[in-house]
Amino acid sequence: MTDIALTYIGGPTALLEYGGVRFLTDPTFDAPQTYEPRNGVTHTKTHGPALTPNELGAVDLALVSHHHHGDNLDVLGTALLRDLPLTISTTKAAEDLGGTVVGLEPWASVRVGQVGHVTVTAVPALHGPPGSEGRGPVIGFVLRTAEAPSVYVSGDNASLLYVESIAERFGKIDIALLFAGAARLPVAEGDLTLSSADAARAAEILASDTVVGLHTEDWGHLTESREDFRRAFTGRGQYVETPRAHRVILRNA
């Protein structure tokens, strides 16, 4: 087995090396800009990515929690998917994007890698407080392989009840990549992603030893920062600092 490593690119986007497979989470590579309003909502990207698609090296597949919000899959991110051998996302994303996008319903699994030894399981996510199902389908992911730590990629999930269901299904999750930032929009009530405090609670529920914060900066609708996330884990020994464009070892093989 190779080391488990992560290179943080910006926003929800990171390159995760796990089980010999290079996963890209929620690709966002556009330059800073304000996007045209969609459904009455204007999104502003405040910072660009730390790496361009051409600087990533080989990517085996993308994990896209949902495709219908630009802060999780933007214009250049969508273009990148066309060059990848595989993308795993929701069934609605597979229907809308086509190409090599494979859609999974929650709790469905697929085996990936050259010898198919990494199992990717789609897990439920709720993009906001109870009643937010109308925001469109969103999933997270659990990655597992024999004799290696398990990994949870939360996607834009704000529900601790869903986190509890993941813990009930899989038990301890060793490494948690938690999308946070307490995103808020004028057209919705409540946090649309985990707050920093809820991220800390999610890590407790999962009994995770290692936690990385994603989706904590680079967008105007985030109400909490990367520093807020870091503070929520003070004294817990779980948080791993991931500077932009630096390959950080999360666990040695």
# chains A, B, ... in the order shown; residues from 1 in each chain; ligands from 1

call {"tool": "residues_around", "arguments": {"residues": "A:Ala183", "least_positions_apart": "3", "cutoff": "12 Å", "atoms": "only C-alpha atoms", "output": "compact mmCIF listing (two decimals) with all heavy atoms, in the first residue's frame"}}
result
# COMPACT_ATOMS: atom_id res chain seq x y z
N GLY A 11 -11.30 25.72 -1.88
CA GLY A 11 -12.73 25.44 -1.75
C GLY A 11 -12.97 23.99 -1.35
O GLY A 11 -12.40 23.50 -0.38
N HIS A 43 -23.66 33.78 -6.84
CA HIS A 43 -22.49 33.25 -6.13
C HIS A 43 -21.25 34.06 -6.53
O HIS A 43 -21.06 34.38 -7.71
CB HIS A 43 -22.25 31.78 -6.48
CG HIS A 43 -23.21 30.84 -5.81
ND1 HIS A 43 -24.33 30.35 -6.44
CD2 HIS A 43 -23.21 30.32 -4.57
CE1 HIS A 43 -24.97 29.55 -5.61
NE2 HIS A 43 -24.33 29.52 -4.48
N ASP A 71 -20.25 26.17 -6.77
CA ASP A 71 -19.15 26.14 -5.80
C ASP A 71 -18.68 24.72 -5.52
O ASP A 71 -17.74 24.52 -4.75
CB ASP A 71 -19.54 26.85 -4.50
CG ASP A 71 -20.77 26.25 -3.83
OD1 ASP A 71 -21.70 25.85 -4.55
OD2 ASP A 71 -20.80 26.18 -2.58
N HIS A 127 -28.24 18.82 1.99
CA HIS A 127 -27.61 20.11 1.74
C HIS A 127 -28.39 21.21 2.45
O HIS A 127 -28.96 22.10 1.82
CB HIS A 127 -27.56 20.35 0.24
CG HIS A 127 -26.57 21.39 -0.20
ND1 HIS A 127 -25.88 22.20 0.69
CD2 HIS A 127 -26.14 21.75 -1.44
CE1 HIS A 127 -25.09 23.02 0.02
NE2 HIS A 127 -25.23 22.77 -1.27
N GLY A 128 -28.43 21.13 3.79
CA GLY A 128 -29.13 22.13 4.58
C GLY A 128 -29.87 21.49 5.73
O GLY A 128 -29.71 20.29 6.01
N PRO A 129 -30.69 22.26 6.42
CA PRO A 129 -31.46 21.72 7.54
C PRO A 129 -32.57 20.80 7.05
O PRO A 129 -32.81 20.71 5.84
CB PRO A 129 -32.02 22.98 8.22
CG PRO A 129 -32.08 23.99 7.12
CD PRO A 129 -30.92 23.70 6.23
N ASP A 156 -21.42 18.24 0.48
CA ASP A 156 -22.15 19.33 1.14
C ASP A 156 -23.27 18.77 2.02
O ASP A 156 -24.46 18.98 1.76
CB ASP A 156 -22.71 20.30 0.11
CG ASP A 156 -21.69 21.33 -0.32
OD1 ASP A 156 -20.52 21.22 0.08
OD2 ASP A 156 -22.07 22.25 -1.08
N ASN A 157 -22.89 18.06 3.06
CA ASN A 157 -23.85 17.51 4.01
C ASN A 157 -23.88 18.35 5.27
O ASN A 157 -22.84 18.63 5.86
CB ASN A 157 -23.48 16.07 4.37
CG ASN A 157 -24.38 15.54 5.48
OD1 ASN A 157 -25.60 15.59 5.36
ND2 ASN A 157 -23.77 15.06 6.55
N ALA A 158 -25.08 18.72 5.71
CA ALA A 158 -25.23 19.48 6.95
C ALA A 158 -25.93 18.67 8.04
O ALA A 158 -26.19 19.20 9.12
CB ALA A 158 -26.01 20.77 6.69
N PHE A 179 -16.67 18.87 4.62
CA PHE A 179 -17.00 20.12 3.96
C PHE A 179 -17.77 20.96 4.98
O PHE A 179 -18.81 20.55 5.49
CB PHE A 179 -17.90 19.87 2.75
CG PHE A 179 -17.21 19.22 1.58
CD1 PHE A 179 -16.17 18.32 1.74
CD2 PHE A 179 -17.63 19.50 0.29
CE1 PHE A 179 -15.56 17.72 0.65
CE2 PHE A 179 -17.03 18.91 -0.80
CZ PHE A 179 -15.99 18.02 -0.63
N ALA A 180 -17.27 22.15 5.26
CA ALA A 180 -17.85 22.97 6.32
C ALA A 180 -18.11 24.38 5.80
O ALA A 180 -18.65 24.57 4.72
CB ALA A 180 -16.95 22.95 7.55
N PRO A 186 -29.53 33.86 1.06
CA PRO A 186 -30.75 34.59 1.43
C PRO A 186 -32.03 33.80 1.17
O PRO A 186 -33.04 34.03 1.83
CB PRO A 186 -30.69 35.84 0.56
CG PRO A 186 -29.26 36.00 0.18
CD PRO A 186 -28.71 34.61 0.10
N VAL A 187 -31.99 32.87 0.21
CA VAL A 187 -33.21 32.15 -0.17
C VAL A 187 -33.44 30.91 0.69
O VAL A 187 -34.42 30.20 0.48
CB VAL A 187 -33.13 31.74 -1.66
CG1 VAL A 187 -33.08 32.97 -2.55
CG2 VAL A 187 -31.92 30.83 -1.92
N ALA A 188 -32.55 30.63 1.64
CA ALA A 188 -32.69 29.43 2.46
C ALA A 188 -32.44 29.77 3.92
O ALA A 188 -31.67 30.69 4.23
CB ALA A 188 -31.72 28.35 1.99
N GLU A 189 -33.07 29.03 4.81
CA GLU A 189 -32.85 29.22 6.24
C GLU A 189 -31.87 28.17 6.75
O GLU A 189 -31.92 27.02 6.35
CB GLU A 189 -34.18 29.10 6.99
CG GLU A 189 -35.15 30.23 6.70
CD GLU A 189 -36.38 30.16 7.59
OE1 GLU A 189 -36.39 29.30 8.51
OE2 GLU A 189 -37.31 30.95 7.37
N GLY A 190 -30.99 28.60 7.65
CA GLY A 190 -30.07 27.66 8.27
C GLY A 190 -28.82 27.41 7.46
O GLY A 190 -28.67 27.87 6.32
N ASP A 191 -27.89 26.68 8.06
CA ASP A 191 -26.63 26.34 7.41
C ASP A 191 -26.85 25.29 6.34
O ASP A 191 -27.52 24.27 6.56
CB ASP A 191 -25.63 25.81 8.44
CG ASP A 191 -25.20 26.87 9.44
OD1 ASP A 191 -25.35 28.07 9.12
OD2 ASP A 191 -24.74 26.49 10.53
N LEU A 192 -26.23 25.52 5.18
CA LEU A 192 -26.34 24.58 4.07
C LEU A 192 -25.21 23.55 4.08
O LEU A 192 -25.30 22.55 3.37
CB LEU A 192 -26.35 25.34 2.75
CG LEU A 192 -27.45 26.40 2.62
CD1 LEU A 192 -27.33 27.12 1.29
CD2 LEU A 192 -28.82 25.77 2.79
N THR A 193 -24.16 23.84 4.83
CA THR A 193 -23.07 22.88 5.04
C THR A 193 -22.76 22.88 6.54
O THR A 193 -23.29 23.69 7.29
CB THR A 193 -21.81 23.28 4.25
OG1 THR A 193 -21.43 24.63 4.59
CG2 THR A 193 -22.04 23.18 2.75
N LEU A 194 -21.92 21.98 6.97
CA LEU A 194 -21.58 21.88 8.38
C LEU A 194 -20.99 23.17 8.91
O LEU A 194 -20.16 23.81 8.25
CB LEU A 194 -20.56 20.76 8.60
CG LEU A 194 -21.02 19.32 8.39
CD1 LEU A 194 -19.82 18.38 8.43
CD2 LEU A 194 -22.08 18.90 9.42
N SER A 195 -21.42 23.56 10.10
CA SER A 195 -20.68 24.58 10.83
C SER A 195 -19.42 23.94 11.39
O SER A 195 -19.28 22.71 11.40
CB SER A 195 -21.53 25.14 11.97
OG SER A 195 -21.75 24.13 12.95
N SER A 196 -18.51 24.75 11.89
CA SER A 196 -17.28 24.20 12.47
C SER A 196 -17.60 23.35 13.69
O SER A 196 -17.02 22.28 13.89
CB SER A 196 -16.33 25.34 12.84
OG SER A 196 -15.99 26.09 11.70
N HIS A 215 -14.02 23.18 1.85
CA HIS A 215 -15.19 24.04 1.66
C HIS A 215 -15.29 25.07 2.79
O HIS A 215 -16.39 25.39 3.25
CB HIS A 215 -16.45 23.17 1.59
CG HIS A 215 -17.63 23.84 0.92
ND1 HIS A 215 -18.42 24.76 1.58
CD2 HIS A 215 -18.17 23.71 -0.31
CE1 HIS A 215 -19.39 25.16 0.78
NE2 HIS A 215 -19.26 24.55 -0.38
N THR A 216 -14.16 25.60 3.24
CA THR A 216 -14.16 26.59 4.32
C THR A 216 -13.70 27.97 3.86
O THR A 216 -13.60 28.88 4.69
CB THR A 216 -13.24 26.12 5.47
OG1 THR A 216 -11.90 26.00 4.98
CG2 THR A 216 -13.71 24.81 6.06
N GLU A 217 -13.43 28.14 2.57
CA GLU A 217 -12.96 29.43 2.06
C GLU A 217 -13.18 29.52 0.56
O GLU A 217 -13.58 28.54 -0.08
CB GLU A 217 -11.47 29.62 2.39
CG GLU A 217 -10.57 28.54 1.86
CD GLU A 217 -9.13 28.66 2.35
OE1 GLU A 217 -8.81 29.61 3.09
OE2 GLU A 217 -8.32 27.80 1.98
N ASP A 218 -12.97 30.71 0.02
CA ASP A 218 -12.97 30.99 -1.42
C ASP A 218 -14.34 31.33 -2.00
O ASP A 218 -14.44 31.59 -3.20
CB ASP A 218 -12.35 29.85 -2.24
CG ASP A 218 -10.90 29.59 -1.90
OD1 ASP A 218 -10.31 30.41 -1.18
OD2 ASP A 218 -10.36 28.56 -2.34
N TRP A 219 -15.40 31.34 -1.16
CA TRP A 219 -16.73 31.68 -1.67
C TRP A 219 -17.41 32.65 -0.72
O TRP A 219 -17.33 32.52 0.51
CB TRP A 219 -17.57 30.41 -1.84
CG TRP A 219 -17.07 29.58 -2.98
CD1 TRP A 219 -16.11 28.60 -2.94
CD2 TRP A 219 -17.46 29.69 -4.34
NE1 TRP A 219 -15.88 28.10 -4.19
CE2 TRP A 219 -16.70 28.74 -5.08
CE3 TRP A 219 -18.38 30.48 -5.03
CZ2 TRP A 219 -16.84 28.56 -6.45
CZ3 TRP A 219 -18.52 30.32 -6.40
CH2 TRP A 219 -17.76 29.37 -7.10
N GLY A 220 -18.11 33.62 -1.29
CA GLY A 220 -18.71 34.69 -0.51
C GLY A 220 -19.85 34.26 0.39
O GLY A 220 -20.18 34.97 1.35
N HIS A 221 -20.48 33.12 0.12
CA HIS A 221 -21.63 32.70 0.93
C HIS A 221 -21.23 31.82 2.12
O HIS A 221 -22.10 31.31 2.82
CB HIS A 221 -22.67 31.98 0.07
CG HIS A 221 -22.15 30.76 -0.63
ND1 HIS A 221 -21.25 30.81 -1.66
CD2 HIS A 221 -22.43 29.45 -0.45
CE1 HIS A 221 -20.99 29.59 -2.08
NE2 HIS A 221 -21.68 28.75 -1.36
N LEU A 222 -19.94 31.66 2.35
CA LEU A 222 -19.49 30.93 3.54
C LEU A 222 -19.42 31.90 4.72
O LEU A 222 -18.83 32.97 4.62
CB LEU A 222 -18.12 30.30 3.30
CG LEU A 222 -18.03 29.33 2.11
CD1 LEU A 222 -16.63 28.73 2.02
CD2 LEU A 222 -19.08 28.23 2.21
N THR A 223 -20.03 31.51 5.83
CA THR A 223 -20.09 32.40 6.99
C THR A 223 -19.06 32.06 8.05
O THR A 223 -18.92 32.79 9.03
CB THR A 223 -21.49 32.38 7.63
OG1 THR A 223 -21.76 31.07 8.15
CG2 THR A 223 -22.56 32.75 6.61
N GLU A 224 -18.36 30.93 7.89
CA GLU A 224 -17.28 30.57 8.79
C GLU A 224 -16.03 30.27 7.96
O GLU A 224 -16.11 29.87 6.80
CB GLU A 224 -17.66 29.36 9.65
CG GLU A 224 -18.76 29.66 10.64
CD GLU A 224 -19.05 28.50 11.57
OE1 GLU A 224 -18.40 27.43 11.43
OE2 GLU A 224 -19.93 28.64 12.42
N SER A 225 -14.88 30.48 8.59
CA SER A 225 -13.61 30.43 7.88
C SER A 225 -12.83 29.16 8.20
O SER A 225 -13.21 28.37 9.07
CB SER A 225 -12.76 31.64 8.28
OG SER A 225 -12.38 31.53 9.65

call {"tool": "residues_around", "arguments": {"residues": "A:Asp74", "least_positions_apart": "6", "cutoff": "8 Å", "atoms": "only C-alpha atoms", "output": "JSON, numbers by chain"}}
result
{"A": [27, 28, 29, 30]}

call {"tool": "write_last_selection", "arguments": {"atoms": "C-alpha atoms", "output": "PDB file, in the first residue's frame"}}
result
ATOM      1  CA  PRO A  27     -13.514  20.084  -9.026  1.00  0.00           C
ATOM      2  CA  THR A  28     -13.554  23.902  -8.954  1.00  0.00           C
ATOM      3  CA  PHE A  29     -10.912  25.630 -11.071  1.00  0.00           C
ATOM      4  CA  ASP A  30     -12.480  28.900 -12.259  1.00  0.00           C
TER       5      ASP A  30
END

call {"tool": "select_by_dssp", "arguments": {"residues": "stretch 178-221 of chain A", "states": "helix (DSSP H, G or I)", "output": "ChimeraX atom specification"}}
result
/A:196-206

call {"tool": "closest_atom_pairs", "arguments": {"of": "stretch 99-186 of chain A", "to": "stretch 52-65 of chain A", "cutoff": "7 Å", "atoms": "only C-alpha atoms", "output": "tab-separated table"}}
result
residue	atom	partner	partner_atom	distance
A:Val138	CA	A:Ser65	CA	5.5
A:Ile139	CA	A:Ser65	CA	5.0
A:Gly140	CA	A:Ser65	CA	5.8
A:Gly155	CA	A:Ser65	CA	5.0
A:Asp156	CA	A:Ser65	CA	6.9

call {"tool": "atom_distance", "arguments": {"atom1": "atom CA of A:Ile175", "atom2": "atom CA of A:Leu76"}}
result
28.3 Å

call {"tool": "atom_distance", "arguments": {"atom1": "atom CA of A:Gly70", "atom2": "atom CA of A:Val151"}}
result
24.6 Å
